[in-house]
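*Asks:* Structure file coords.csv, CSV, N, CA and C atoms, is pasted below:
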chain,number,residue,atom,x,y,z
A,1,MET,N,36.9,-41.5,53.9
A,1,MET,CA,37.2,-42.0,52.6
A,1,MET,C,37.2,-40.8,51.6
A,2,SER,N,38.2,-40.6,50.9
A,2,SER,CA,38.4,-39.5,50.0
A,2,SER,C,37.9,-39.9,48.6
A,3,ILE,N,37.4,-38.9,47.9
A,3,ILE,CA,37.0,-39.1,46.5
A,3,ILE,C,38.2,-38.9,45.6
A,4,SER,N,38.4,-39.8,44.7
A,4,SER,CA,39.5,-39.7,43.8
A,4,SER,C,39.3,-38.5,42.8
A,5,GLY,N,40.3,-38.1,42.1
A,5,GLY,CA,40.2,-37.0,41.2
A,5,GLY,C,39.3,-37.3,40.0
A,6,ASP,N,39.3,-38.5,39.6
A,6,ASP,CA,38.4,-38.9,38.4
A,6,ASP,C,37.0,-38.9,38.8
A,7,ASP,N,36.7,-39.4,40.1
A,7,ASP,CA,35.3,-39.4,40.5
A,7,ASP,C,34.8,-37.9,40.8
A,8,GLU,N,35.6,-37.1,41.3
A,8,GLU,CA,35.3,-35.7,41.5
A,8,GLU,C,35.0,-35.0,40.2
A,9,LEU,N,35.8,-35.3,39.2
A,9,LEU,CA,35.7,-34.7,37.9
A,9,LEU,C,34.4,-35.2,37.3
A,10,ALA,N,34.1,-36.4,37.4
A,10,ALA,CA,32.8,-37.0,36.9
A,10,ALA,C,31.6,-36.4,37.5
A,11,GLN,N,31.7,-36.1,38.8
A,11,GLN,CA,30.6,-35.5,39.5
A,11,GLN,C,30.4,-34.1,39.0
A,12,LEU,N,31.5,-33.3,38.9
A,12,LEU,CA,31.4,-32.0,38.4
A,12,LEU,C,30.8,-31.9,37.0
A,13,ARG,N,31.2,-32.8,36.1
A,13,ARG,CA,30.7,-32.9,34.8
A,13,ARG,C,29.2,-33.2,34.7
A,14,GLU,N,28.8,-34.1,35.6
A,14,GLU,CA,27.4,-34.5,35.7
A,14,GLU,C,26.5,-33.3,36.2
A,15,GLN,N,27.1,-32.6,37.2
A,15,GLN,CA,26.4,-31.5,37.7
A,15,GLN,C,26.2,-30.4,36.7
A,16,ARG,N,27.3,-30.1,35.9
A,16,ARG,CA,27.3,-29.1,34.9
A,16,ARG,C,26.3,-29.5,33.7
A,17,ARG,N,26.3,-30.8,33.4
A,17,ARG,CA,25.4,-31.3,32.4
A,17,ARG,C,23.9,-31.1,32.8
A,18,LEU,N,23.6,-31.4,34.0
A,18,LEU,CA,22.3,-31.2,34.5
A,18,LEU,C,21.9,-29.7,34.5
A,19,GLU,N,22.8,-28.8,34.9
A,19,GLU,CA,22.6,-27.4,34.9
A,19,GLU,C,22.3,-26.9,33.4
A,20,LEU,N,23.1,-27.4,32.5
A,20,LEU,CA,22.9,-27.0,31.1
A,20,LEU,C,21.5,-27.5,30.6
A,21,GLN,N,21.2,-28.7,31.0
A,21,GLN,CA,19.9,-29.3,30.5
A,21,GLN,C,18.7,-28.5,31.1
A,22,GLN,N,18.8,-28.0,32.3
A,22,GLN,CA,17.8,-27.2,32.9
A,22,GLN,C,17.7,-25.9,32.2
A,23,GLN,N,18.8,-25.3,31.9
A,23,GLN,CA,18.8,-24.0,31.1
A,23,GLN,C,18.2,-24.1,29.8
A,24,ILE,N,18.5,-25.2,29.1
A,24,ILE,CA,17.9,-25.5,27.8
A,24,ILE,C,16.4,-25.6,27.9
A,25,GLU,N,15.9,-26.4,28.9
A,25,GLU,CA,14.5,-26.6,29.1
A,25,GLU,C,13.8,-25.2,29.4
A,26,GLN,N,14.4,-24.4,30.2
A,26,GLN,CA,13.8,-23.1,30.5
A,26,GLN,C,13.7,-22.2,29.3
A,27,GLN,N,14.8,-22.2,28.5
A,27,GLN,CA,14.8,-21.4,27.3
A,27,GLN,C,13.7,-21.9,26.3
A,28,ALA,N,13.6,-23.2,26.2
A,28,ALA,CA,12.5,-23.7,25.3
A,28,ALA,C,11.2,-23.3,25.8
A,29,THR,N,10.9,-23.3,27.1
A,29,THR,CA,9.6,-22.9,27.6
A,29,THR,C,9.4,-21.5,27.3
A,30,VAL,N,10.4,-20.6,27.5
A,30,VAL,CA,10.2,-19.2,27.3
A,30,VAL,C,9.9,-18.9,25.8
A,31,GLN,N,10.7,-19.6,24.9
A,31,GLN,CA,10.5,-19.5,23.5
A,31,GLN,C,9.1,-19.9,23.1
A,32,ALA,N,8.6,-21.0,23.6
A,32,ALA,CA,7.3,-21.5,23.3
A,32,ALA,C,6.2,-20.5,23.7
A,33,ASP,N,6.4,-20.0,24.9
A,33,ASP,CA,5.4,-19.0,25.4
A,33,ASP,C,5.4,-17.7,24.5
A,34,ALA,N,6.6,-17.3,24.1
A,34,ALA,CA,6.7,-16.1,23.2
A,34,ALA,C,6.1,-16.4,21.9
A,35,GLU,N,6.2,-17.6,21.3
A,35,GLU,CA,5.6,-18.0,20.1
A,35,GLU,C,4.1,-18.0,20.2
A,36,VAL,N,3.6,-18.5,21.3
A,36,VAL,CA,2.1,-18.5,21.5
A,36,VAL,C,1.6,-17.1,21.6
A,37,GLN,N,2.3,-16.2,22.4
A,37,GLN,CA,1.9,-14.8,22.5
A,37,GLN,C,1.9,-14.1,21.1
A,38,ALA,N,2.9,-14.4,20.3
A,38,ALA,CA,3.0,-13.8,19.0
A,38,ALA,C,1.9,-14.2,18.1
A,39,GLN,N,1.5,-15.5,18.2
A,39,GLN,CA,0.4,-16.0,17.4
A,39,GLN,C,-0.9,-15.4,17.9
A,40,GLN,N,-1.1,-15.2,19.2
A,40,GLN,CA,-2.3,-14.6,19.7
A,40,GLN,C,-2.4,-13.1,19.2
A,41,ASP,N,-1.3,-12.4,19.3
A,41,ASP,CA,-1.2,-11.1,18.8
A,41,ASP,C,-1.6,-11.0,17.3
A,42,ALA,N,-1.0,-11.9,16.5
A,42,ALA,CA,-1.3,-11.9,15.1
A,42,ALA,C,-2.8,-12.1,14.8
A,43,GLN,N,-3.4,-13.0,15.6
A,43,GLN,CA,-4.8,-13.3,15.4
A,43,GLN,C,-5.7,-12.1,15.8
A,44,ASN,N,-5.3,-11.5,16.9
A,44,ASN,CA,-6.0,-10.3,17.3
A,44,ASN,C,-5.9,-9.1,16.3
A,45,HIS,N,-4.7,-9.0,15.7
A,45,HIS,CA,-4.5,-8.0,14.7
A,45,HIS,C,-5.3,-8.3,13.5
A,46,ALA,N,-5.3,-9.6,13.1
A,46,ALA,CA,-6.1,-10.0,11.9
A,46,ALA,C,-7.6,-9.7,12.1
A,47,ALA,N,-8.1,-10.0,13.4
A,47,ALA,CA,-9.5,-9.8,13.7
A,47,ALA,C,-9.8,-8.3,13.6
A,48,LEU,N,-8.9,-7.5,14.1
A,48,LEU,CA,-9.2,-6.0,14.1
A,48,LEU,C,-9.2,-5.5,12.6
A,49,ASP,N,-8.3,-6.0,11.8
A,49,ASP,CA,-8.2,-5.6,10.4
A,49,ASP,C,-9.5,-6.0,9.7
A,50,SER,N,-10.0,-7.2,9.9
A,50,SER,CA,-11.2,-7.7,9.3
A,50,SER,C,-12.4,-6.9,9.8
A,51,ALA,N,-12.4,-6.5,11.0
A,51,ALA,CA,-13.5,-5.7,11.6
A,51,ALA,C,-13.5,-4.3,10.9
A,52,MET,N,-12.3,-3.8,10.7
A,52,MET,CA,-12.2,-2.5,10.1
A,52,MET,C,-12.7,-2.4,8.7
A,53,LYS,N,-12.7,-3.6,8.0
A,53,LYS,CA,-13.3,-3.6,6.6
A,53,LYS,C,-14.8,-3.3,6.6
A,54,THR,N,-15.5,-3.7,7.7
A,54,THR,CA,-16.9,-3.4,7.7
A,54,THR,C,-17.2,-2.1,8.5
A,55,VAL,N,-16.3,-1.7,9.3
A,55,VAL,CA,-16.6,-0.5,10.2
A,55,VAL,C,-16.2,0.8,9.4
A,56,LEU,N,-15.1,0.8,8.6
A,56,LEU,CA,-14.6,2.0,8.0
A,56,LEU,C,-14.8,1.9,6.5
A,57,THR,N,-14.9,3.1,5.9
A,57,THR,CA,-14.9,3.3,4.5
A,57,THR,C,-13.5,3.1,3.9
A,58,PRO,N,-13.4,2.8,2.6
A,58,PRO,CA,-12.0,2.6,2.1
A,58,PRO,C,-11.1,3.8,2.4
A,59,GLU,N,-11.6,5.0,2.3
A,59,GLU,CA,-10.8,6.2,2.5
A,59,GLU,C,-10.3,6.3,4.0
A,60,ALA,N,-11.2,6.0,4.9
A,60,ALA,CA,-10.9,6.0,6.3
A,60,ALA,C,-9.9,4.9,6.6
A,61,ARG,N,-10.0,3.7,6.0
A,61,ARG,CA,-9.0,2.6,6.2
A,61,ARG,C,-7.7,3.1,5.6
A,62,SER,N,-7.7,3.8,4.5
A,62,SER,CA,-6.4,4.3,4.0
A,62,SER,C,-5.7,5.3,4.9
A,63,ARG,N,-6.5,6.2,5.5
A,63,ARG,CA,-6.0,7.1,6.5
A,63,ARG,C,-5.4,6.4,7.7
A,64,LEU,N,-6.2,5.4,8.2
A,64,LEU,CA,-5.7,4.6,9.3
A,64,LEU,C,-4.4,3.9,9.0
A,65,ALA,N,-4.3,3.4,7.8
A,65,ALA,CA,-3.1,2.6,7.4
A,65,ALA,C,-1.9,3.6,7.4
A,66,SER,N,-2.1,4.8,6.9
A,66,SER,CA,-1.0,5.8,6.9
A,66,SER,C,-0.6,6.2,8.3
A,67,LEU,N,-1.6,6.3,9.2
A,67,LEU,CA,-1.3,6.7,10.6
A,67,LEU,C,-0.6,5.5,11.2
A,68,ASN,N,-0.9,4.3,10.8
A,68,ASN,CA,-0.2,3.1,11.4
A,68,ASN,C,1.3,3.2,11.1
A,69,LEU,N,1.7,3.7,10.0
A,69,LEU,CA,3.2,3.8,9.7
A,69,LEU,C,3.9,4.8,10.7
A,70,VAL,N,3.1,5.8,11.2
A,70,VAL,CA,3.7,6.8,12.1
A,70,VAL,C,3.5,6.4,13.5
A,71,ASN,N,2.3,5.9,13.9
A,71,ASN,CA,2.0,5.7,15.3
A,71,ASN,C,1.2,4.4,15.4
A,72,PRO,N,1.9,3.2,15.4
A,72,PRO,CA,1.1,2.0,15.5
A,72,PRO,C,0.3,1.8,16.7
A,73,ASP,N,0.8,2.3,17.9
A,73,ASP,CA,0.1,2.1,19.1
A,73,ASP,C,-1.2,2.8,19.1
A,74,LEU,N,-1.2,4.1,18.6
A,74,LEU,CA,-2.4,4.9,18.5
A,74,LEU,C,-3.4,4.2,17.5
A,75,THR,N,-2.9,3.7,16.4
A,75,THR,CA,-3.8,3.0,15.5
A,75,THR,C,-4.4,1.8,16.1
A,76,THR,N,-3.7,1.0,16.8
A,76,THR,CA,-4.3,-0.2,17.4
A,76,THR,C,-5.3,0.2,18.4
A,77,LYS,N,-5.1,1.3,19.2
A,77,LYS,CA,-6.0,1.7,20.2
A,77,LYS,C,-7.3,2.2,19.5
A,78,VAL,N,-7.2,3.0,18.4
A,78,VAL,CA,-8.3,3.5,17.7
A,78,VAL,C,-9.1,2.3,17.1
A,79,LYS,N,-8.4,1.4,16.5
A,79,LYS,CA,-9.1,0.2,15.9
A,79,LYS,C,-9.9,-0.6,16.9
A,80,SER,N,-9.3,-0.8,18.0
A,80,SER,CA,-10.0,-1.6,19.0
A,80,SER,C,-11.2,-0.8,19.6
A,81,HIS,N,-11.0,0.5,19.7
A,81,HIS,CA,-12.1,1.3,20.2
A,81,HIS,C,-13.3,1.3,19.2
A,82,LEU,N,-13.0,1.5,17.9
A,82,LEU,CA,-14.0,1.5,16.9
A,82,LEU,C,-14.7,0.1,16.8
A,83,ALA,N,-13.9,-1.0,16.9
A,83,ALA,CA,-14.5,-2.3,16.9
A,83,ALA,C,-15.5,-2.5,18.0
A,84,THR,N,-15.1,-2.0,19.2
A,84,THR,CA,-15.9,-2.1,20.4
A,84,THR,C,-17.2,-1.3,20.2
A,85,LEU,N,-17.1,-0.1,19.7
A,85,LEU,CA,-18.3,0.7,19.5
A,85,LEU,C,-19.2,0.1,18.5
A,86,ALA,N,-18.6,-0.4,17.4
A,86,ALA,CA,-19.4,-1.0,16.4
A,86,ALA,C,-20.1,-2.3,16.9
A,87,GLY,N,-19.4,-3.0,17.7
A,87,GLY,CA,-20.0,-4.2,18.3
A,87,GLY,C,-21.2,-3.9,19.2
A,88,GLN,N,-21.1,-2.8,19.9
A,88,GLN,CA,-22.2,-2.4,20.8
A,88,GLN,C,-23.3,-1.5,20.1
A,89,ASN,N,-23.1,-1.3,18.7
A,89,ASN,CA,-24.0,-0.5,17.9
A,89,ASN,C,-24.1,0.9,18.4
A,90,LYS,N,-23.0,1.5,18.9
A,90,LYS,CA,-23.0,2.8,19.4
A,90,LYS,C,-22.4,3.8,18.4
A,91,ILE,N,-22.0,3.3,17.2
A,91,ILE,CA,-21.5,4.1,16.2
A,91,ILE,C,-22.1,3.7,14.8
A,92,ALA,N,-22.4,4.7,14.0
A,92,ALA,CA,-23.0,4.4,12.7
A,92,ALA,C,-21.9,3.9,11.8
A,93,THR,N,-22.1,2.7,11.2
A,93,THR,CA,-21.1,2.2,10.3
A,93,THR,C,-21.6,2.3,8.9
A,94,PRO,N,-20.8,2.5,7.9
A,94,PRO,CA,-19.3,2.6,8.0
A,94,PRO,C,-18.9,4.0,8.4
A,95,VAL,N,-17.8,4.1,9.1
A,95,VAL,CA,-17.3,5.4,9.5
A,95,VAL,C,-16.6,6.1,8.3
A,96,SER,N,-16.9,7.3,8.0
A,96,SER,CA,-16.3,8.0,6.9
A,96,SER,C,-15.0,8.5,7.3
A,97,ASP,N,-14.3,9.0,6.3
A,97,ASP,CA,-13.0,9.6,6.5
A,97,ASP,C,-13.1,10.9,7.4
A,98,GLU,N,-14.1,11.7,7.1
A,98,GLU,CA,-14.4,12.9,7.9
A,98,GLU,C,-14.6,12.5,9.4
A,99,GLN,N,-15.4,11.5,9.6
A,99,GLN,CA,-15.7,11.1,11.0
A,99,GLN,C,-14.5,10.6,11.7
A,100,LEU,N,-13.6,9.9,10.9
A,100,LEU,CA,-12.4,9.4,11.5
A,100,LEU,C,-11.5,10.6,11.8
A,101,LYS,N,-11.4,11.6,10.9
A,101,LYS,CA,-10.6,12.8,11.2
A,101,LYS,C,-11.1,13.4,12.5
A,102,ARG,N,-12.4,13.5,12.7
A,102,ARG,CA,-12.9,14.1,14.0
A,102,ARG,C,-12.5,13.3,15.2
A,103,ILE,N,-12.6,12.0,15.0
A,103,ILE,CA,-12.2,11.1,16.2
A,103,ILE,C,-10.7,11.3,16.5
A,104,LEU,N,-9.9,11.3,15.4
A,104,LEU,CA,-8.5,11.5,15.7
A,104,LEU,C,-8.2,12.8,16.2
A,105,GLY,N,-8.9,13.8,15.7
A,105,GLY,CA,-8.7,15.2,16.2
A,105,GLY,C,-9.1,15.3,17.7
A,106,GLY,N,-10.1,14.6,18.1
A,106,GLY,CA,-10.5,14.6,19.5
A,106,GLY,C,-9.4,13.9,20.4
A,107,LEU,N,-8.7,12.9,19.8
A,107,LEU,CA,-7.6,12.3,20.6
A,107,LEU,C,-6.4,13.2,20.7
A,108,ASN,N,-6.2,14.0,19.7
A,108,ASN,CA,-5.1,14.9,19.7
A,108,ASN,C,-5.3,16.2,20.5
A,109,GLU,N,-6.5,16.5,20.9
A,109,GLU,CA,-6.8,17.6,21.8
A,109,GLU,C,-6.1,17.4,23.2
A,110,ASN,N,-5.9,16.2,23.6
A,110,ASN,CA,-5.3,16.0,24.9
A,110,ASN,C,-3.8,16.2,24.8
A,111,ARG,N,-3.2,16.3,23.7
A,111,ARG,CA,-1.8,16.6,23.5
A,111,ARG,C,-1.5,18.1,23.6
A,112,ARG,N,-0.4,18.4,24.2
A,112,ARG,CA,0.1,19.8,24.2
A,112,ARG,C,0.9,20.0,22.9
A,113,GLU,N,0.6,21.2,22.3
A,113,GLU,CA,1.4,21.6,21.1
A,113,GLU,C,2.6,22.4,21.6
A,114,MET,N,3.7,22.1,21.0
A,114,MET,CA,4.9,22.9,21.4
A,114,MET,C,5.5,23.5,20.2
A,115,SER,N,6.0,24.7,20.3
A,115,SER,CA,6.6,25.4,19.3
A,115,SER,C,7.9,26.0,19.8
A,116,ILE,N,8.9,26.0,19.0
A,116,ILE,CA,10.2,26.5,19.4
A,116,ILE,C,10.4,27.8,18.6
A,117,ARG,N,10.7,28.9,19.3
A,117,ARG,CA,10.9,30.2,18.7
A,117,ARG,C,12.3,30.6,19.0
A,118,ARG,N,13.0,31.0,18.0
A,118,ARG,CA,14.4,31.5,18.2
A,118,ARG,C,14.3,33.0,18.5
A,119,ILE,N,15.1,33.4,19.4
A,119,ILE,CA,15.1,34.9,19.8
A,119,ILE,C,16.4,35.5,19.3
Can I see the file as C-alpha coordinates?

*Replies:*
Amino acid sequence: MSISGDDELAQLREQRRLELQQQIEQQATVQADAEVQAQQDAQNHAALDSAMKTVLTPEARSRLASLNLVNPDLTTKVKSHLATLAGQNKIATPVSDEQLKRILGGLNENRREMSIRRI
(Lines of atoms letter the chains of each structure in order from A and count residues from 1; the text may use other names and numbers.)
(Lines give C-alpha, C1' and ligand atoms only; values in the text may rest on other atoms or scores of the structure.)
Protein backbone atom coordinates (compact mmCIF):
# COMPACT_ATOMS: atom_id res chain seq x y z
CA MET A 1 0.00 0.00 0.00
CA SER A 2 1.48 3.34 -0.98
CA ILE A 3 1.17 6.55 0.95
CA SER A 4 -0.50 9.34 -0.94
CA GLY A 5 1.30 12.64 -1.48
CA ASP A 6 -0.93 14.47 1.01
CA ASP A 7 -0.34 11.88 3.72
CA GLU A 8 3.41 11.97 3.14
CA LEU A 9 3.40 15.76 3.28
CA ALA A 10 1.38 15.68 6.51
CA GLN A 11 3.88 13.24 8.04
CA LEU A 12 6.81 15.46 7.06
CA ARG A 13 5.09 18.53 8.50
CA GLU A 14 4.35 16.73 11.78
CA GLN A 15 7.93 15.48 11.99
CA ARG A 16 9.29 18.99 11.37
CA ARG A 17 6.88 20.46 13.93
CA LEU A 18 8.09 17.99 16.56
CA GLU A 19 11.74 18.80 15.77
CA LEU A 20 11.08 22.53 16.11
CA GLN A 21 9.23 21.99 19.37
CA GLN A 22 12.18 20.01 20.79
CA GLN A 23 14.60 22.74 19.70
CA ILE A 24 12.50 25.40 21.41
CA GLU A 25 12.34 23.36 24.62
CA GLN A 26 16.12 22.86 24.59
CA GLN A 27 16.73 26.56 24.03
CA ALA A 28 14.37 27.43 26.87
CA THR A 29 16.22 25.06 29.19
CA VAL A 30 19.61 26.50 28.23
CA GLN A 31 18.33 30.05 28.71
CA ALA A 32 16.83 29.22 32.11
CA ASP A 33 20.12 27.65 33.22
CA ALA A 34 22.03 30.72 32.03
CA GLU A 35 19.68 33.02 33.94
CA VAL A 36 20.09 30.97 37.12
CA GLN A 37 23.88 31.06 36.72
CA ALA A 38 23.84 34.82 36.13
CA GLN A 39 21.70 35.32 39.22
CA GLN A 40 24.08 33.21 41.33
CA ASP A 41 27.06 35.17 39.99
CA ALA A 42 25.33 38.44 40.86
CA GLN A 43 24.61 37.21 44.38
CA ASN A 44 28.23 36.09 44.84
CA HIS A 45 29.46 39.45 43.55
CA ALA A 46 27.13 41.32 45.91
CA ALA A 47 28.28 39.19 48.84
CA LEU A 48 31.93 39.91 48.03
CA ASP A 49 31.23 43.64 47.73
CA SER A 50 29.45 43.72 51.09
CA ALA A 51 32.32 41.76 52.68
CA MET A 52 34.81 44.27 51.28
CA LYS A 53 33.00 47.08 53.11
CA THR A 54 34.07 45.54 56.41
CA VAL A 55 37.42 44.13 55.30
CA LEU A 56 38.86 47.17 53.48
CA THR A 57 39.27 50.83 54.32
CA PRO A 58 37.55 53.30 51.96
CA GLU A 59 40.89 54.12 50.29
CA ALA A 60 41.63 50.44 49.70
CA ARG A 61 38.13 49.89 48.31
CA SER A 62 38.69 52.81 45.95
CA ARG A 63 41.98 51.29 44.77
CA LEU A 64 40.31 47.92 44.24
CA ALA A 65 37.47 49.58 42.29
CA SER A 66 40.03 51.27 40.01
CA LEU A 67 41.81 47.97 39.52
CA ASN A 68 38.48 46.35 38.67
CA LEU A 69 38.19 48.60 35.62
CA VAL A 70 41.51 47.29 34.30
CA ASN A 71 41.55 43.68 35.47
CA PRO A 72 38.20 42.35 36.76
CA ASP A 73 39.45 38.76 37.08
CA LEU A 74 42.32 39.76 39.34
CA THR A 75 40.01 41.94 41.42
CA THR A 76 37.55 39.10 41.93
CA LYS A 77 40.39 36.78 42.91
CA VAL A 78 41.77 39.32 45.42
CA LYS A 79 38.32 40.00 46.88
CA SER A 80 37.54 36.33 47.40
CA HIS A 81 40.98 35.72 48.92
CA LEU A 82 40.60 38.67 51.31
CA ALA A 83 37.09 37.55 52.28
CA THR A 84 38.37 34.04 52.99
CA LEU A 85 41.27 35.34 55.09
CA ALA A 86 38.99 37.68 57.01
CA GLY A 87 36.51 34.86 57.61
CA GLN A 88 39.28 32.72 59.07
CA ASN A 89 40.62 35.67 61.14
CA LYS A 90 44.01 35.36 59.44
CA ILE A 91 44.15 39.01 58.45
CA ALA A 92 43.76 42.16 60.51
CA THR A 93 40.74 44.12 59.38
CA PRO A 94 40.27 46.67 58.05
CA VAL A 95 43.01 46.29 55.44
CA SER A 96 44.57 49.66 54.66
CA ASP A 97 45.51 50.97 51.25
CA GLU A 98 49.21 50.35 51.97
CA GLN A 99 48.54 46.74 52.95
CA LEU A 100 46.47 46.24 49.79
CA LYS A 101 49.34 47.72 47.73
CA ARG A 102 51.71 45.17 49.28
CA ILE A 103 49.26 42.33 48.57
CA LEU A 104 48.87 43.43 44.96
CA GLY A 105 52.64 43.92 44.66
CA GLY A 106 53.15 40.35 45.85
CA LEU A 107 50.80 39.14 43.15
CA ASN A 108 52.67 41.10 40.50
CA GLU A 109 56.04 39.57 41.46
CA ASN A 110 54.99 36.45 39.62
CA ARG A 111 54.67 38.37 36.37
CA ARG A 112 57.59 38.97 34.06
CA GLU A 113 58.27 42.51 33.08
CA MET A 114 59.01 43.12 29.47
CA SER A 115 60.58 46.14 27.90
CA ILE A 116 61.13 46.84 24.27
CA ARG A 117 64.29 48.67 23.26
CA ARG A 118 64.90 49.99 19.82
CA ILE A 119 68.34 49.51 18.40

*Asks:* Between CA of Thr76 (chain A) and CA of His45 (chain A), what is the distance, to one decimal in Å?

*Replies:* 8.3 Å

*Asks:* Quick one: residues within 8 Å of region 93-100 of chain A, all atoms listed in the file counted, chain neighbours fewer than 5 positions away excluded, as a PyMOL selection string?

*Replies:* chain A and resi 53-61+63+86+105-106

*Asks:* Keeping only N, CA and C atoms, take the residues you just selected and write them out as a PDB file, in the coordinates of the input.

*Replies:*
ATOM      1  N   LYS A  53     -12.700  -3.600   8.000  1.00  0.00           N
ATOM      2  CA  LYS A  53     -13.300  -3.600   6.600  1.00  0.00           C
ATOM      3  C   LYS A  53     -14.800  -3.300   6.600  1.00  0.00           C
ATOM      4  N   THR A  54     -15.500  -3.700   7.700  1.00  0.00           N
ATOM      5  CA  THR A  54     -16.900  -3.400   7.700  1.00  0.00           C
ATOM      6  C   THR A  54     -17.200  -2.100   8.500  1.00  0.00           C
ATOM      7  N   VAL A  55     -16.300  -1.700   9.300  1.00  0.00           N
ATOM      8  CA  VAL A  55     -16.600  -0.500  10.200  1.00  0.00           C
ATOM      9  C   VAL A  55     -16.200   0.800   9.400  1.00  0.00           C
ATOM     10  N   LEU A  56     -15.100   0.800   8.600  1.00  0.00           N
ATOM     11  CA  LEU A  56     -14.600   2.000   8.000  1.00  0.00           C
ATOM     12  C   LEU A  56     -14.800   1.900   6.500  1.00  0.00           C
ATOM     13  N   THR A  57     -14.900   3.100   5.900  1.00  0.00           N
ATOM     14  CA  THR A  57     -14.900   3.300   4.500  1.00  0.00           C
ATOM     15  C   THR A  57     -13.500   3.100   3.900  1.00  0.00           C
ATOM     16  N   PRO A  58     -13.400   2.800   2.600  1.00  0.00           N
ATOM     17  CA  PRO A  58     -12.000   2.600   2.100  1.00  0.00           C
ATOM     18  C   PRO A  58     -11.100   3.800   2.400  1.00  0.00           C
ATOM     19  N   GLU A  59     -11.600   5.000   2.300  1.00  0.00           N
ATOM     20  CA  GLU A  59     -10.800   6.200   2.500  1.00  0.00           C
ATOM     21  C   GLU A  59     -10.300   6.300   4.000  1.00  0.00           C
ATOM     22  N   ALA A  60     -11.200   6.000   4.900  1.00  0.00           N
ATOM     23  CA  ALA A  60     -10.900   6.000   6.300  1.00  0.00           C
ATOM     24  C   ALA A  60      -9.900   4.900   6.600  1.00  0.00           C
ATOM     25  N   ARG A  61     -10.000   3.700   6.000  1.00  0.00           N
ATOM     26  CA  ARG A  61      -9.000   2.600   6.200  1.00  0.00           C
ATOM     27  C   ARG A  61      -7.700   3.100   5.600  1.00  0.00           C
ATOM     28  N   ARG A  63      -6.500   6.200   5.500  1.00  0.00           N
ATOM     29  CA  ARG A  63      -6.000   7.100   6.500  1.00  0.00           C
ATOM     30  C   ARG A  63      -5.400   6.400   7.700  1.00  0.00           C
ATOM     31  N   ALA A  86     -18.600  -0.400  17.400  1.00  0.00           N
ATOM     32  CA  ALA A  86     -19.400  -1.000  16.400  1.00  0.00           C
ATOM     33  C   ALA A  86     -20.100  -2.300  16.900  1.00  0.00           C
ATOM     34  N   GLY A 105      -8.900  13.800  15.700  1.00  0.00           N
ATOM     35  CA  GLY A 105      -8.700  15.200  16.200  1.00  0.00           C
ATOM     36  C   GLY A 105      -9.100  15.300  17.700  1.00  0.00           C
ATOM     37  N   GLY A 106     -10.100  14.600  18.100  1.00  0.00           N
ATOM     38  CA  GLY A 106     -10.500  14.600  19.500  1.00  0.00           C
ATOM     39  C   GLY A 106      -9.400  13.900  20.400  1.00  0.00           C
TER      40      GLY A 106
END

*Asks:* From a DSSP calculation on the backbone, collect every residue of chain A in helix (DSSP H, G or I) and output the set as an MDAnalysis selection string.

*Replies:* chainID A and resid 5:55 58:70 72:87 97:108

*Asks:* Taking all atoms of region 18-28 of chain A that appear in the file, build a box with edges along x, y and z, extend it by 5 Å on every side, and state its centre and edge lengths in Å to one decimal, as JSON.

*Replies:*
{"center_x": 17.4, "center_y": -26.4, "center_z": 30.1, "size_x": 22.4, "size_y": 20.0, "size_z": 19.6}

*Asks:* Just want the 7 Å neighbourhood of Leu48 (chain A), counted on only C-alpha atoms, with same-chain residues fewer than 3 positions away dropped. Output as number ranges by chain.

*Replies:* A: 44-45, 51-52, 79-80

*Asks:* At most 10 Å is the cut-off: for each residue in region 39-63 of chain A with any atom that close to an atom of region 31-35 of chain A, write down the nearest atom pair and the distance in Å rounded to one decimal, counting only C-alpha atoms, chain first then increasing number, as JSON lines.

*Replies:*
{"residue": "A:Gln39", "atom": "CA", "partner": "A:Glu35", "partner_atom": "CA", "distance": 6.2}
{"residue": "A:Gln40", "atom": "CA", "partner": "A:Glu35", "partner_atom": "CA", "distance": 8.6}
{"residue": "A:Asp41", "atom": "CA", "partner": "A:Glu35", "partner_atom": "CA", "distance": 9.8}
